Amino acid sequence: MKTIAQFSTRRPILVVILWLAAVVGLLATSEAIGTSFRDTFSLKGTDSQAAYDLLGERFPELAGSTDTIVWKVDEGTVADVASRDYMSGVLEEAAAVPHVAAITSPFGPAGAGQVSRDGTIAYAQVHWDQSGFAIPTASIEDLAGVVADANAHDGVTVALSGEGALRLAAPKVGIGELIGVGIAAVILFLAFGSLLATTVPLVGALVSLTGAIGSLGLFSHAGPLSTYSPVLAALLGLGIGIDYALLITNRHRLGLKSGRGVSESIVAATTTSGRAVVFAGATVFIALAGMFVPQIAFLTGLAAAAAVTVAFSVAVSISLIPALLRLYGVRVLSRRERRALEAGAYANGNGVRVGRVAAFVERHPAVTSLAALVAVAAIAVPTAALRLGHADQGNDPLGTTTRTGYDLLAEGFGPGVNGPLVVAVDTTDASSPTALTDLAGRIAIDPGVAATLGPIPNIAGDAAIIQIVPATSPQDQSTVDLVHRIRDTYVSAAEAEGLSAHVGGSVATFVDFAHEISASLPLFFAVVVGLSMLVLAAAFRSLVLPAVGAALNLFSAGAAFGVIVAVFQWGWGHSIIGIGEGGPIDPFVPVILFALLFGLSMDYQVFLVTRIAELWHSTRDNALAVRDGLAEVSRVIVAAAAIMVAVFGSFVTSEARVVKLLGLGLAAAVFIDAFVIRVTIMPAVMRLLGRRNWWMPRWLDRVLPRIPIDDPAPDEAVAPVGAPVRVT
């Protein structure tokens, strides 16, 4: 670490040029080659995947994806000559779009049932010749253009729903998200009082984010990276990129105030706080490693995207930031601070100024910790009602084509038409010629089924499909129960008659997705929590502090989940952030959210305990180390957390529900963790435990490697408490 810091301070211009060349080159190459972000929910060994495999093998004509064009007339019916002629022309234009294999029109014999009972709403099915992300984006855009032009016609409302529409609605970083960066800049200026110092973390975050986005664009060709990857990179890159640079910049400013020279202060700051940044990044990596446990391509792609972003943020913080600080010199201090430094005001200080929070925690540790824990536990109560499932397009913002299409289909044909199920049946070994029709008949009379179509045999006559329209919406628990009932009751009975049947469709896929993730959660939590505790134990030479930190992280995670359940599942304040009235939480969200917030919470744990450990090792006075360590670090943690809350919270303005959820969840978690747990509960608990904070069995101390996170070199040692350094 010292070598990197010395090189950056001796060759600052070279370091800046190298970083700019690297990120510009990555971004330009990515733009030239193009990106291939795609979402894949392939789940090997599940019933829904077996249904898709059977369809692809026995029904190649149905292997492509299907979109829906739905329209409603303001006057008359869709069968009126003028309306019919107009929409027939629109469907002809849609059929001419490249890669559209066929269109099932409501005006043809195959389209029976695609007109509502009152005749005002109809829909057409667009069949692609390819599936999922194999469809060129240009073709989907052409189809969306046809629908948009048709919607401009007076007297008719036209919308597009389906996989293609969802791809066009892929989350993007917009103006709303950039508001968080502006707020972060204001917080940095208030904290530093220097415009140049304010630009250091912002420039660092921008460079790391640009490099990460360029790299992800290239990596998207090597494996399945989700369409959410760039937004996740922006979410993390802006948040931790600013925070990591803030920590080093703040430590450098303190070094200048203590009388160090510019280069000496930068090297000391990078060697101490830079080491903490590297370690904090490692804890985030460990948390992200847990996302590989379920072995689901969608999650591993997101974990890889997040890991790349964290790697760039750490690398920029320990190399580019020292170079920028060297170029800025003492101007990272405000004019008032520079005048005070010249006058010797800091050199004649009276030691560390103990803040009100640190003083109160020291006087009332038991009351403080208990009251804060009760408050956090109360916020976490809704977590007990967490329901994993598929949040349908009824939660999309009003005015979007997917939401309009969903509402029109639900109005004309019932909510279940937005999430049809398909039963794929292999009839090769059927023991009775009526076995297939018996299966379809039993499903049709189920109280949860609104309508069925089929059985429809394939050309070879060795397979058939049964299309099912549930009576309830895709996200309704009753629809999930219907999937289980078909599998456990009707399909099981059909197997006794020689049929091999599997249930597919978007709802069935997410049912299997939720099951796979739920089954992997115990191992996921064990990997994330266990590895984090092990690494922290090696760093702090304590078994108590990692255990306390992990337990408190679970509290902050529970509180974050409580917030998202109340808002996104129960619908509290849904209109404020522009979502539907409430629906289940997408099954992959808890895994992503827990991994990220656990890693970020450990960051603050590292920042706080690192400084307390430095003071403990130099004084062997636990009470003094906790009090003065909190007094020094709490201001930095609060400023860093405020920046993260602003950045994460700004993502609530996104149009994508999942991005809103991640933004709000992470903002709530960071706020609670930093403002309540790290600066209140953790110091209070450490004050109560006393010297037991640093307990570790001798055998474990011998086995674990030593990570010098809080062990600066002698010439860079931090002045002990009582030395003439004033922290402002």
# chains A, B, ... in the order shown; residues from 1 in each chain; ligands from 1
>>> residues_around(residues="Ala430 (chain A)", least_positions_apart="2", cutoff="8 Å", atoms="only C-alpha atoms", output="mmCIF file with C-alpha atoms, in the first residue's frame")
data_model
loop_
_atom_site.group_PDB
_atom_site.id
_atom_site.type_symbol
_atom_site.label_atom_id
_atom_site.label_comp_id
_atom_site.auth_asym_id
_atom_site.auth_seq_id
_atom_site.Cartn_x
_atom_site.Cartn_y
_atom_site.Cartn_z
ATOM 1 C CA THR A 427 -48.342 -38.256 -24.591
ATOM 2 C CA THR A 428 -45.929 -40.920 -25.897
ATOM 3 C CA SER A 432 -55.646 -44.291 -22.381
ATOM 4 C CA PRO A 433 -56.820 -42.260 -25.393
ATOM 5 C CA ALA A 435 -56.101 -39.417 -20.554
ATOM 6 C CA GLU A 497 -52.095 -42.668 -16.753
ATOM 7 C CA GLY A 498 -48.740 -42.517 -18.543
ATOM 8 C CA LEU A 499 -48.670 -38.759 -19.221
#
>>> residues_around(residues="region 436-447 of chain A", least_positions_apart="5", cutoff="7 Å", atoms="only C-alpha atoms", output="PyMOL selection string")
chain A and resi 452+455+466+490+494
>>> write_last_selection(atoms="N, CA and C atoms", output="PDB file, in the first residue's frame")
ATOM      1  N   THR A 452     -59.708 -22.243 -20.348  1.00  0.00           N
ATOM      2  CA  THR A 452     -58.649 -23.100 -20.877  1.00  0.00           C
ATOM      3  C   THR A 452     -58.806 -23.207 -22.386  1.00  0.00           C
ATOM      4  N   PRO A 455     -56.899 -29.529 -25.118  1.00  0.00           N
ATOM      5  CA  PRO A 455     -55.511 -29.739 -25.548  1.00  0.00           C
ATOM      6  C   PRO A 455     -55.289 -29.530 -27.043  1.00  0.00           C
ATOM      7  N   ILE A 466     -51.858 -27.410 -23.095  1.00  0.00           N
ATOM      8  CA  ILE A 466     -53.121 -26.908 -22.549  1.00  0.00           C
ATOM      9  C   ILE A 466     -52.845 -25.495 -22.043  1.00  0.00           C
ATOM     10  N   TYR A 490     -53.396 -32.413 -10.317  1.00  0.00           N
ATOM     11  CA  TYR A 490     -53.805 -32.842 -11.650  1.00  0.00           C
ATOM     12  C   TYR A 490     -52.677 -33.527 -12.420  1.00  0.00           C
ATOM     13  N   ALA A 494     -52.274 -37.450 -13.607  1.00  0.00           N
ATOM     14  CA  ALA A 494     -52.071 -37.791 -15.014  1.00  0.00           C
ATOM     15  C   ALA A 494     -50.860 -38.698 -15.204  1.00  0.00           C
TER      16      ALA A 494
END
>>> closest_residue(among="A:Leu521, A:Val503, A:Ala152, A:Ala378", to="Phe292 (chain A)", atoms="only C-alpha atoms")
A:Leu521
>>> closest_residue(among="A:Gly261, A:Ala551, A:Gly412, A:Val284", to="Gly119 (chain A)", atoms="only C-alpha atoms")
A:Gly412
>>> closest_residue(among="A:Asp396, A:Asp80, A:Glu163, A:Glu614", to="Thr68 (chain A)", atoms="only C-alpha atoms")
A:Glu163
>>> closest_residue(among="A:Ala245, A:Ala371, A:Ala538, A:Val636", to="Ala684 (chain A)", atoms="only C-alpha atoms")
A:Ala371
>>> closest_residue(among="A:Tyr52, A:Trp694, A:Phe651, A:Phe568", to="His617 (chain A)", atoms="only C-alpha atoms")
A:Trp694
>>> closest_residue(among="A:Gln295, A:Ser194, A:Ser532, A:Thr227", to="Val330 (chain A)", atoms="only C-alpha atoms")
A:Ser194
>>> residues_around(residues="Phe594 (chain A)", least_positions_apart="5", cutoff="9 Å", atoms="only C-alpha atoms", output="list in words")
Ala287, Phe525, Leu554, Ala557, Phe561, Val589 and Gly599 of chain A
>>> select_by_dssp(residues="region 613-701 of chain A", states="alpha helix (DSSP H)", output="count of residues only")
64
>>> residues_around(residues="Ser30 (chain A)", least_positions_apart="4", cutoff="8 Å", atoms="only C-alpha atoms", output="VMD selection string")
chain A and resid 26 34 to 35 214 to 215 217 to 218
>>> write_last_selection(atoms="C-alpha atoms", output="PDB file, in the first residue's frame")
ATOM      1  CA  LEU A  26     -12.685   0.781 -22.099  1.00  0.00           C
ATOM      2  CA  GLY A  34     -21.730  -2.925 -28.586  1.00  0.00           C
ATOM      3  CA  THR A  35     -23.222  -4.533 -25.498  1.00  0.00           C
ATOM      4  CA  GLY A 214     -17.006   0.092 -20.021  1.00  0.00           C
ATOM      5  CA  SER A 215     -15.758  -3.219 -18.612  1.00  0.00           C
ATOM      6  CA  GLY A 217     -20.118  -3.758 -21.714  1.00  0.00           C
ATOM      7  CA  LEU A 218     -17.212  -5.943 -22.803  1.00  0.00           C
TER       8      LEU A 218
END
>>> residues_around(residues="Met87 (chain A)", least_positions_apart="5", cutoff="9 Å", atoms="only C-alpha atoms", output="PyMOL selection string")
chain A and resi 71+78+82+92+150
>>> write_last_selection(atoms="C-alpha atoms", output="compact mmCIF listing (two decimals), in the first residue's frame")
# COMPACT_ATOMS: atom_id res chain seq x y z
CA TRP A 71 -56.28 -1.79 -28.08
CA VAL A 78 -63.56 -3.04 -32.46
CA ALA A 82 -63.58 1.84 -39.58
CA GLU A 92 -50.10 -5.78 -41.27
CA ALA A 150 -51.10 3.58 -33.94
>>> residues_around(residues="Ile612 (chain A)", least_positions_apart="6", cutoff="6 Å", atoms="only C-alpha atoms", output="list of chain:residue names")
A:Ala625, A:Val626, A:Gly629
>>> write_last_selection(atoms="C-alpha atoms", output="mmCIF file, in the first residue's frame")
data_model
loop_
_atom_site.group_PDB
_atom_site.id
_atom_site.type_symbol
_atom_site.label_atom_id
_atom_site.label_comp_id
_atom_site.auth_asym_id
_atom_site.auth_seq_id
_atom_site.Cartn_x
_atom_site.Cartn_y
_atom_site.Cartn_z
ATOM 1 C CA ALA A 625 -10.430 4.255 22.626
ATOM 2 C CA VAL A 626 -14.193 3.903 22.131
ATOM 3 C CA GLY A 629 -12.482 6.808 18.192
#
>>> residues_around(residues="Leu256 (chain A)", least_positions_apart="2", cutoff="9 Å", atoms="only C-alpha atoms", output="list in words")
Arg251, His252, Arg253, Leu254, Ser258, Gly259, Arg260, Gly261, Val262, Glu264, Ser265, Ile266, Val330, Leu333 and Leu341 of chain A
>>> atom_distance(atom1="CA of Leu55 (chain A)", atom2="CA of Gln114 (chain A)")
23.0 Å
>>> select_by_dssp(residues="region 270-434 of chain A", states="strand (DSSP E)", output="list in words")
Leu421, Val422, Val423, Ala424, Val425 and Asp426 of chain A
>>> write_last_selection(atoms="N, CA and C atoms", output="compact mmCIF listing (two decimals), in the first residue's frame")
# COMPACT_ATOMS: atom_id res chain seq x y z
N LEU A 421 -50.85 -19.62 -18.02
CA LEU A 421 -50.03 -20.80 -17.76
C LEU A 421 -50.14 -21.74 -18.96
N VAL A 422 -49.14 -22.57 -19.13
CA VAL A 422 -49.18 -23.56 -20.20
C VAL A 422 -48.72 -24.90 -19.62
N VAL A 423 -49.51 -25.93 -19.88
CA VAL A 423 -49.15 -27.28 -19.46
C VAL A 423 -48.68 -28.03 -20.70
N ALA A 424 -47.40 -28.37 -20.73
CA ALA A 424 -46.83 -29.13 -21.84
C ALA A 424 -46.87 -30.61 -21.47
N VAL A 425 -47.47 -31.43 -22.35
CA VAL A 425 -47.72 -32.83 -22.03
C VAL A 425 -47.06 -33.73 -23.07
N ASP A 426 -46.29 -34.68 -22.59
CA ASP A 426 -45.72 -35.73 -23.44
C ASP A 426 -46.68 -36.92 -23.40
>>> atom_distance(atom1="CA of Leu370 (chain A)", atom2="CA of Val606 (chain A)")
22.6 Å
>>> atom_distance(atom1="CA of Phe510 (chain A)", atom2="CA of Ala112 (chain A)")
29.1 Å
>>> decode(residues="region 236-258 of chain A", atoms="N, CA and C atoms", output="JSON list (two decimals), in the first residue's frame")
[["chain", "number", "residue", "atom", "x", "y", "z"],
["A", 236, "LEU", "N", -23.91, 1.40, -7.07],
["A", 236, "LEU", "CA", -22.79, 1.13, -6.19],
["A", 236, "LEU", "C", -21.62, 2.07, -6.46],
["A", 237, "GLY", "N", -21.33, 2.30, -7.75],
["A", 237, "GLY", "CA", -20.17, 3.11, -8.09],
["A", 237, "GLY", "C", -20.23, 4.51, -7.52],
["A", 238, "LEU", "N", -21.40, 5.13, -7.62],
["A", 238, "LEU", "CA", -21.53, 6.49, -7.08],
["A", 238, "LEU", "C", -21.48, 6.48, -5.56],
["A", 239, "GLY", "N", -22.13, 5.49, -4.95],
["A", 239, "GLY", "CA", -22.19, 5.45, -3.49],
["A", 239, "GLY", "C", -20.85, 5.15, -2.85],
["A", 240, "ILE", "N", -20.29, 3.97, -3.13],
["A", 240, "ILE", "CA", -19.04, 3.60, -2.47],
["A", 240, "ILE", "C", -17.85, 4.32, -3.06],
["A", 241, "GLY", "N", -17.94, 4.71, -4.34],
["A", 241, "GLY", "CA", -16.83, 5.46, -4.94],
["A", 241, "GLY", "C", -16.59, 6.77, -4.21],
["A", 242, "ILE", "N", -17.67, 7.49, -3.91],
["A", 242, "ILE", "CA", -17.55, 8.74, -3.17],
["A", 242, "ILE", "C", -17.12, 8.48, -1.74],
["A", 243, "ASP", "N", -17.70, 7.46, -1.11],
["A", 243, "ASP", "CA", -17.41, 7.18, 0.30],
["A", 243, "ASP", "C", -15.95, 6.78, 0.51],
["A", 244, "TYR", "N", -15.43, 5.88, -0.33],
["A", 244, "TYR", "CA", -14.05, 5.44, -0.15],
["A", 244, "TYR", "C", -13.08, 6.60, -0.33],
["A", 245, "ALA", "N", -13.32, 7.42, -1.35],
["A", 245, "ALA", "CA", -12.45, 8.57, -1.56],
["A", 245, "ALA", "C", -12.58, 9.58, -0.42],
["A", 246, "LEU", "N", -13.80, 9.71, 0.10],
["A", 246, "LEU", "CA", -14.03, 10.62, 1.23],
["A", 246, "LEU", "C", -13.18, 10.23, 2.43],
["A", 247, "LEU", "N", -13.12, 8.94, 2.72],
["A", 247, "LEU", "CA", -12.38, 8.48, 3.89],
["A", 247, "LEU", "C", -10.90, 8.84, 3.78],
["A", 248, "ILE", "N", -10.30, 8.60, 2.62],
["A", 248, "ILE", "CA", -8.87, 8.90, 2.45],
["A", 248, "ILE", "C", -8.64, 10.41, 2.44],
["A", 249, "THR", "N", -9.51, 11.14, 1.76],
["A", 249, "THR", "CA", -9.36, 12.60, 1.72],
["A", 249, "THR", "C", -9.46, 13.20, 3.11],
["A", 250, "ASN", "N", -10.41, 12.74, 3.89],
["A", 250, "ASN", "CA", -10.57, 13.26, 5.25],
["A", 250, "ASN", "C", -9.34, 12.96, 6.10],
["A", 251, "ARG", "N", -8.79, 11.74, 5.97],
["A", 251, "ARG", "CA", -7.60, 11.39, 6.75],
["A", 251, "ARG", "C", -6.41, 12.26, 6.33],
["A", 252, "HIS", "N", -6.31, 12.55, 5.06],
["A", 252, "HIS", "CA", -5.24, 13.42, 4.57],
["A", 252, "HIS", "C", -5.40, 14.83, 5.13],
["A", 253, "ARG", "N", -6.60, 15.34, 5.16],
["A", 253, "ARG", "CA", -6.84, 16.67, 5.70],
["A", 253, "ARG", "C", -6.45, 16.74, 7.17],
["A", 254, "LEU", "N", -6.75, 15.69, 7.92],
["A", 254, "LEU", "CA", -6.35, 15.65, 9.32],
["A", 254, "LEU", "C", -4.82, 15.62, 9.45],
["A", 255, "GLY", "N", -4.18, 14.89, 8.53],
["A", 255, "GLY", "CA", -2.72, 14.84, 8.56],
["A", 255, "GLY", "C", -2.10, 16.20, 8.30],
["A", 256, "LEU", "N", -2.67, 16.96, 7.35],
["A", 256, "LEU", "CA", -2.17, 18.31, 7.09],
["A", 256, "LEU", "C", -2.34, 19.19, 8.33],
["A", 257, "LYS", "N", -3.47, 19.06, 9.00],
["A", 257, "LYS", "CA", -3.72, 19.89, 10.18],
["A", 257, "LYS", "C", -2.79, 19.54, 11.33],
["A", 258, "SER", "N", -2.31, 18.31, 11.35],
["A", 258, "SER", "CA", -1.40, 17.91, 12.42],
["A", 258, "SER", "C", 0.04, 18.33, 12.14]]
